[in-house]
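Pasted below: run00.tsv, TSV, C-alpha atoms and all ligand atoms.
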```tsv
chain	number	residue	atom	x	y	z
A	1	MET	CA	57.54	20.08	-38.02
A	2	GLY	CA	55.88	16.72	-38.33
A	3	GLN	CA	57.23	13.60	-39.99
A	4	ASP	CA	55.78	12.50	-43.29
A	5	VAL	CA	52.72	10.38	-42.78
A	6	PHE	CA	50.54	8.50	-45.22
A	7	GLN	CA	46.79	8.71	-44.66
A	8	LEU	CA	44.24	6.38	-46.18
A	9	VAL	CA	40.47	6.58	-45.75
A	10	TYR	CA	38.12	3.79	-46.71
A	11	LEU	CA	34.41	3.16	-46.57
A	12	SER	CA	32.98	-0.30	-46.07
A	13	ARG	CA	29.72	-2.06	-45.31
A	14	ALA	CA	29.52	-4.05	-42.08
A	15	VAL	CA	28.15	-7.59	-42.20
A	16	ASP	CA	24.64	-7.99	-40.85
A	17	GLY	CA	24.47	-8.50	-37.14
A	18	ILE	CA	27.75	-6.85	-36.22
A	19	SER	CA	27.45	-4.32	-33.45
A	20	TYR	CA	29.67	-1.37	-32.85
A	21	SER	CA	30.54	-2.86	-29.49
A	22	ASP	CA	31.86	-6.00	-31.29
A	23	LEU	CA	34.15	-3.73	-33.26
A	24	SER	CA	35.10	-1.75	-30.22
A	25	ASP	CA	36.16	-5.03	-28.58
A	26	ILE	CA	38.14	-6.09	-31.65
A	27	LEU	CA	39.93	-2.77	-31.70
A	28	ASP	CA	40.81	-3.00	-28.02
A	29	ARG	CA	42.73	-6.14	-28.86
A	30	ASP	CA	44.15	-4.87	-32.12
A	31	ARG	CA	45.50	-1.60	-30.82
A	32	GLU	CA	48.60	-3.49	-29.78
A	33	PHE	CA	49.22	-4.32	-33.43
A	34	ASN	CA	48.70	-0.72	-34.43
A	35	ARG	CA	51.09	0.51	-31.76
A	36	ARG	CA	53.81	-1.88	-32.90
A	37	ASN	CA	53.40	-0.73	-36.48
A	38	GLY	CA	53.13	2.96	-35.76
A	39	LEU	CA	49.56	3.12	-37.02
A	40	THR	CA	47.06	5.63	-35.72
A	41	GLY	CA	43.65	6.73	-36.87
A	42	ILE	CA	39.97	6.38	-36.22
A	43	LEU	CA	37.26	3.85	-36.94
A	44	ILE	CA	33.76	5.24	-37.25
A	45	TYR	CA	30.66	3.10	-37.34
A	46	ARG	CA	27.31	4.40	-38.43
A	47	ASP	CA	24.20	2.73	-39.67
A	48	GLY	CA	25.93	-0.38	-41.00
A	49	PHE	CA	28.85	1.44	-42.58
A	50	PHE	CA	32.43	1.91	-41.48
A	51	ILE	CA	34.79	4.71	-42.26
A	52	GLN	CA	38.35	4.14	-41.17
A	53	LEU	CA	41.27	6.51	-41.37
A	54	LEU	CA	44.62	4.75	-41.21
A	55	GLU	CA	47.75	6.83	-40.80
A	56	GLY	CA	51.40	5.84	-40.61
A	57	GLY	CA	54.23	4.81	-42.89
A	58	GLU	CA	52.99	4.07	-46.41
A	59	ALA	CA	54.11	0.42	-46.32
A	60	GLU	CA	52.50	-0.18	-42.92
A	61	VAL	CA	49.24	1.43	-44.00
A	62	MET	CA	49.18	-0.64	-47.19
A	63	ASP	CA	49.87	-3.86	-45.23
A	64	ALA	CA	47.07	-3.05	-42.80
A	65	MET	CA	44.77	-2.31	-45.71
A	66	ALA	CA	45.57	-5.67	-47.33
A	67	GLU	CA	44.59	-7.34	-44.02
A	68	ARG	CA	41.45	-5.29	-43.76
A	69	ILE	CA	40.24	-6.22	-47.24
A	70	ARG	CA	40.35	-9.89	-46.24
A	71	ASP	CA	38.34	-9.32	-43.06
A	72	ARG	CA	34.91	-10.91	-43.41
A	73	ARG	CA	33.24	-8.68	-40.88
A	74	HIS	CA	32.82	-6.10	-43.60
A	75	HIS	CA	32.61	-5.96	-47.39
A	76	HIS	CA	32.47	-3.50	-50.29
A	77	VAL	CA	35.68	-1.95	-49.03
A	78	GLN	CA	36.30	1.16	-51.07
A	79	VAL	CA	39.27	3.49	-50.68
A	80	VAL	CA	37.95	7.01	-50.53
A	81	HIS	CA	41.17	8.97	-50.24
A	82	GLU	CA	44.94	8.60	-49.92
A	83	ILE	CA	47.29	11.44	-49.17
A	84	SER	CA	50.74	12.21	-47.78
A	85	ALA	CA	50.64	14.73	-44.97
A	86	THR	CA	53.06	16.31	-42.57
A	87	ASP	CA	51.06	15.59	-39.44
A	88	ARG	CA	48.77	12.93	-38.08
A	89	LEU	CA	45.18	13.79	-37.20
A	90	PHE	CA	44.92	11.09	-34.53
A	91	GLY	CA	48.55	10.86	-33.42
A	92	GLU	CA	47.63	9.99	-29.84
A	93	TRP	CA	45.31	7.16	-30.83
A	94	ALA	CA	46.37	3.62	-31.73
A	95	MET	CA	42.84	3.58	-33.15
A	96	ALA	CA	40.16	5.89	-31.90
A	97	PHE	CA	36.59	4.64	-32.16
A	98	HIS	CA	33.54	6.72	-32.82
A	99	ASP	CA	29.96	5.55	-32.73
A	100	GLY	CA	28.46	7.80	-35.36
A	101	ASP	CA	24.97	6.67	-34.44
A	102	LEU	CA	25.31	8.35	-31.08
A	103	ASP	CA	26.65	11.64	-32.28
A	104	ALA	CA	24.42	13.71	-30.05
A	105	ASP	CA	27.18	15.86	-28.63
A	106	GLY	CA	29.66	17.96	-30.53
A	107	GLU	CA	29.05	19.16	-34.01
A	108	PRO	CA	25.65	18.63	-35.58
A	109	GLY	CA	25.76	17.28	-39.10
A	110	LEU	CA	29.40	16.23	-38.98
A	111	MET	CA	28.68	12.52	-39.38
A	112	GLU	CA	26.13	13.10	-42.14
A	113	THR	CA	28.65	15.20	-44.04
A	114	LEU	CA	31.38	12.63	-43.59
A	115	PHE	CA	29.35	9.63	-44.76
A	116	GLN	CA	27.73	11.57	-47.57
A	117	LEU	CA	31.14	12.55	-48.95
A	118	ALA	CA	32.44	8.99	-48.61
A	119	ARG	CA	29.46	7.46	-50.40
A	120	GLU	CA	29.70	9.93	-53.24
A	121	ALA	CA	33.42	9.37	-53.77
A	122	ARG	CA	34.01	7.95	-57.23
A	123	ARG	CA	37.54	9.23	-57.30
A	124	PRO	CA	39.94	10.45	-54.58
A	125	LYS	CA	38.06	12.78	-52.34
A	126	LEU	CA	40.26	15.35	-50.62
A	127	GLU	CA	37.21	17.02	-49.04
A	128	ILE	CA	36.82	14.01	-46.77
A	129	MET	CA	39.83	15.22	-44.76
A	130	THR	CA	37.96	18.34	-43.58
A	131	PRO	CA	35.29	16.63	-41.46
A	132	LEU	CA	37.93	14.17	-40.24
A	133	ALA	CA	40.10	17.07	-39.12
A	134	ARG	CA	37.11	18.60	-37.34
A	135	LEU	CA	36.42	15.31	-35.65
A	136	SER	CA	40.07	14.94	-34.60
A	137	ARG	CA	39.87	18.13	-32.57
A	138	ARG	CA	37.44	16.38	-30.30
A	139	TYR	CA	40.04	13.67	-29.71
A	140	ALA	CA	42.93	16.01	-29.04
A	141	ILE	CA	44.63	15.17	-25.78
B	1	LIG	C1	36.21	-2.23	-39.89
B	1	LIG	C2	37.41	-2.95	-39.32
B	1	LIG	C3	38.45	-2.20	-38.77
B	1	LIG	C4	39.57	-2.86	-38.24
B	1	LIG	N1	40.59	-2.10	-37.73
B	1	LIG	C5	41.70	-2.72	-37.27
B	1	LIG	C6	42.81	-1.97	-36.77
B	1	LIG	O1	42.81	-0.75	-36.72
B	1	LIG	N2	43.92	-2.65	-36.37
B	1	LIG	C7	44.00	-3.99	-36.42
B	1	LIG	O2	45.03	-4.54	-36.05
B	1	LIG	N3	42.96	-4.72	-36.86
B	1	LIG	C8	41.82	-4.13	-37.28
B	1	LIG	N4	40.77	-4.87	-37.75
B	1	LIG	C9	40.91	-6.34	-37.74
B	1	LIG	C10	41.79	-6.83	-38.88
B	1	LIG	O3	41.10	-6.79	-40.10
B	1	LIG	C11	42.25	-8.25	-38.59
B	1	LIG	O4	41.17	-9.03	-38.24
B	1	LIG	C12	43.26	-8.22	-37.47
B	1	LIG	O5	44.39	-7.55	-37.92
B	1	LIG	C13	43.62	-9.63	-36.99
B	1	LIG	O6	44.06	-10.43	-38.03
B	1	LIG	P1	44.36	-11.97	-37.75
B	1	LIG	O7	43.10	-12.54	-37.17
B	1	LIG	O8	44.67	-12.52	-39.11
B	1	LIG	O9	45.51	-11.99	-36.81
B	1	LIG	C14	39.63	-4.26	-38.26
B	1	LIG	C15	38.58	-4.99	-38.78
B	1	LIG	C16	37.46	-4.36	-39.31
B	1	LIG	C17	36.33	-5.17	-39.88
```
When written as structure tokens, how does the structure in this file appear?
Amino acid sequence: MGQDVFQLVYLSRAVDGISYSDLSDILDRDREFNRRNGLTGILIYRDGFFIQLLEGGEAEVMDAMAERIRDRRHHHVQVVHEISATDRLFGEWAMAFHDGDLDADGEPGLMETLFQLAREARRPKLEIMTPLARLSRRYAI
């Protein structure tokens, strides 16, 4: 049985001119922070938007979120869903990264579904966890 884990998903708009490789570089450095704080998850970049799933202890996730909101490399940060779960989806990943623009392999339509759901979310959107769970299977080690 897994330990209780808090999962938060947000959608944000990247600043003009940022490239996914910039973010990939940032995350390489920041994974150390995530490891120390028991945070896992995935950052997805597509077409100027980010979706990030943060998972860990509720306090750690909330602290990370407070940091993230201040980060000027993105804006219009909008929490799409928060939930307590028994297991992590990306437990092996201090922060996986997915370039949604290059989603040629794997499951057709997965990224469209994910971003569509996130953009439509006016209130907590449990459905968002389904495509994220599908995506996590591709990251299973
Ligand atoms: C979309 C996005 C995702 C980020 N994800 C993480 C992350 O998973 N872990 C992390 O430590 N920093 C992440 N950062 C960077 C943090 O917001 C912040 O810059 C970092 O914690 C360093 O903060 P500092 O410069 O005040 O030390 C992300 C930034 C952006 C724009």
List all protein, DNA and RNA residues that have any atom at most 10 Å from ligand LIG 1 (chain B), counting all atoms listed in the file, and write the list as a ChimeraX atom specification.
-> /A:10-15,18,20,22-24,26-37,39-45,49-55,61,63-75,77,94-97
Since we have the selection now, will you write its residues out, keeping C-alpha atoms, as a PDB file, in the frame of the given file?
```pdb
ATOM      1  CA  TYR A  10      38.120   3.790 -46.710  1.00  0.00           C
ATOM      2  CA  LEU A  11      34.410   3.160 -46.570  1.00  0.00           C
ATOM      3  CA  SER A  12      32.980  -0.300 -46.070  1.00  0.00           C
ATOM      4  CA  ARG A  13      29.720  -2.060 -45.310  1.00  0.00           C
ATOM      5  CA  ALA A  14      29.520  -4.050 -42.080  1.00  0.00           C
ATOM      6  CA  VAL A  15      28.150  -7.590 -42.200  1.00  0.00           C
ATOM      7  CA  ILE A  18      27.750  -6.850 -36.220  1.00  0.00           C
ATOM      8  CA  TYR A  20      29.670  -1.370 -32.850  1.00  0.00           C
ATOM      9  CA  ASP A  22      31.860  -6.000 -31.290  1.00  0.00           C
ATOM     10  CA  LEU A  23      34.150  -3.730 -33.260  1.00  0.00           C
ATOM     11  CA  SER A  24      35.100  -1.750 -30.220  1.00  0.00           C
ATOM     12  CA  ILE A  26      38.140  -6.090 -31.650  1.00  0.00           C
ATOM     13  CA  LEU A  27      39.930  -2.770 -31.700  1.00  0.00           C
ATOM     14  CA  ASP A  28      40.810  -3.000 -28.020  1.00  0.00           C
ATOM     15  CA  ARG A  29      42.730  -6.140 -28.860  1.00  0.00           C
ATOM     16  CA  ASP A  30      44.150  -4.870 -32.120  1.00  0.00           C
ATOM     17  CA  ARG A  31      45.500  -1.600 -30.820  1.00  0.00           C
ATOM     18  CA  GLU A  32      48.600  -3.490 -29.780  1.00  0.00           C
ATOM     19  CA  PHE A  33      49.220  -4.320 -33.430  1.00  0.00           C
ATOM     20  CA  ASN A  34      48.700  -0.720 -34.430  1.00  0.00           C
ATOM     21  CA  ARG A  35      51.090   0.510 -31.760  1.00  0.00           C
ATOM     22  CA  ARG A  36      53.810  -1.880 -32.900  1.00  0.00           C
ATOM     23  CA  ASN A  37      53.400  -0.730 -36.480  1.00  0.00           C
ATOM     24  CA  LEU A  39      49.560   3.120 -37.020  1.00  0.00           C
ATOM     25  CA  THR A  40      47.060   5.630 -35.720  1.00  0.00           C
ATOM     26  CA  GLY A  41      43.650   6.730 -36.870  1.00  0.00           C
ATOM     27  CA  ILE A  42      39.970   6.380 -36.220  1.00  0.00           C
ATOM     28  CA  LEU A  43      37.260   3.850 -36.940  1.00  0.00           C
ATOM     29  CA  ILE A  44      33.760   5.240 -37.250  1.00  0.00           C
ATOM     30  CA  TYR A  45      30.660   3.100 -37.340  1.00  0.00           C
ATOM     31  CA  PHE A  49      28.850   1.440 -42.580  1.00  0.00           C
ATOM     32  CA  PHE A  50      32.430   1.910 -41.480  1.00  0.00           C
ATOM     33  CA  ILE A  51      34.790   4.710 -42.260  1.00  0.00           C
ATOM     34  CA  GLN A  52      38.350   4.140 -41.170  1.00  0.00           C
ATOM     35  CA  LEU A  53      41.270   6.510 -41.370  1.00  0.00           C
ATOM     36  CA  LEU A  54      44.620   4.750 -41.210  1.00  0.00           C
ATOM     37  CA  GLU A  55      47.750   6.830 -40.800  1.00  0.00           C
ATOM     38  CA  VAL A  61      49.240   1.430 -44.000  1.00  0.00           C
ATOM     39  CA  ASP A  63      49.870  -3.860 -45.230  1.00  0.00           C
ATOM     40  CA  ALA A  64      47.070  -3.050 -42.800  1.00  0.00           C
ATOM     41  CA  MET A  65      44.770  -2.310 -45.710  1.00  0.00           C
ATOM     42  CA  ALA A  66      45.570  -5.670 -47.330  1.00  0.00           C
ATOM     43  CA  GLU A  67      44.590  -7.340 -44.020  1.00  0.00           C
ATOM     44  CA  ARG A  68      41.450  -5.290 -43.760  1.00  0.00           C
ATOM     45  CA  ILE A  69      40.240  -6.220 -47.240  1.00  0.00           C
ATOM     46  CA  ARG A  70      40.350  -9.890 -46.240  1.00  0.00           C
ATOM     47  CA  ASP A  71      38.340  -9.320 -43.060  1.00  0.00           C
ATOM     48  CA  ARG A  72      34.910 -10.910 -43.410  1.00  0.00           C
ATOM     49  CA  ARG A  73      33.240  -8.680 -40.880  1.00  0.00           C
ATOM     50  CA  HIS A  74      32.820  -6.100 -43.600  1.00  0.00           C
ATOM     51  CA  HIS A  75      32.610  -5.960 -47.390  1.00  0.00           C
ATOM     52  CA  VAL A  77      35.680  -1.950 -49.030  1.00  0.00           C
ATOM     53  CA  ALA A  94      46.370   3.620 -31.730  1.00  0.00           C
ATOM     54  CA  MET A  95      42.840   3.580 -33.150  1.00  0.00           C
ATOM     55  CA  ALA A  96      40.160   5.890 -31.900  1.00  0.00           C
ATOM     56  CA  PHE A  97      36.590   4.640 -32.160  1.00  0.00           C
TER      57      PHE A  97
END
```
Nearest to Met129 in chain A among A:His81, A:His98, A:His76, A:Arg46, with distances taken over only C-alpha atoms: which residue is it?
-> A:His81
State, in Å with one decimal place, the distance from CA of Ser84 in chain A to CA of Ser136 in chain A.
->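 For CA of Ser84 in chain A relative to CA of Ser136 in chain A, the distance reads 17.2 Å.
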A:Asp47, A:Ile83, A:Glu107, A:Gln78 ranked by distance to Glu127 in chain A, top pick (using only C-alpha atoms) =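 Of all the options, A:Ile83 lies closest to Glu127 in chain A.
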To one decimal place, how far is CA of Ala133 in chain A from CA of Leu117 in chain A in Å?
->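 Distance reported for this atom pair: 14.0 Å.
CA of Arg119 in chain A is found 19.8 Å from CA of Leu102 in chain A.
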Edge lengths and centre in Å to one decimal, as AutoDock Vina command-line options, of the axis-aligned box that encloses all listed atoms of range 61-78 of chain A with 8 Å added on every side?
```
--center_x 41.2 --center_y -4.7 --center_z -46.0 --size_x 33.4 --size_y 28.3 --size_z 26.2
```
Give me the residues near Val5 in chain A as a PDB file with C-alpha atoms, in the frame of the given file, where near means some atom within 8 Å (using only C-alpha atoms) and where sequence neighbours in that chain fewer than 2 positions away do not count.
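Output below, filename selection.pdb:
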```pdb
ATOM      1  CA  GLN A   3      57.230  13.600 -39.990  1.00  0.00           C
ATOM      2  CA  GLN A   7      46.790   8.710 -44.660  1.00  0.00           C
ATOM      3  CA  GLU A  55      47.750   6.830 -40.800  1.00  0.00           C
ATOM      4  CA  GLY A  56      51.400   5.840 -40.610  1.00  0.00           C
ATOM      5  CA  GLY A  57      54.230   4.810 -42.890  1.00  0.00           C
ATOM      6  CA  GLU A  58      52.990   4.070 -46.410  1.00  0.00           C
ATOM      7  CA  SER A  84      50.740  12.210 -47.780  1.00  0.00           C
ATOM      8  CA  ALA A  85      50.640  14.730 -44.970  1.00  0.00           C
ATOM      9  CA  THR A  86      53.060  16.310 -42.570  1.00  0.00           C
ATOM     10  CA  ASP A  87      51.060  15.590 -39.440  1.00  0.00           C
ATOM     11  CA  ARG A  88      48.770  12.930 -38.080  1.00  0.00           C
TER      12      ARG A  88
END
```
What lies within 12 Å of Gly106 in chain A using only C-alpha atoms, ignoring chain neighbours under 3 positions off, as a count of residues only?
-> 12
For Gly91 in chain A, the nearest of the candidates A:Leu8, A:Ile141, A:Lys125, A:Ser21, counting only C-alpha atoms |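 Ranked by minimum distance to Gly91 in chain A, first place goes to A:Ile141.
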Using all atoms listed in the file, the shortest atom-to-atom distance to Phe115 in chain A among A:Ile128, A:Leu89, A:Ala59, A:Ala140 belongs to A:Ile128
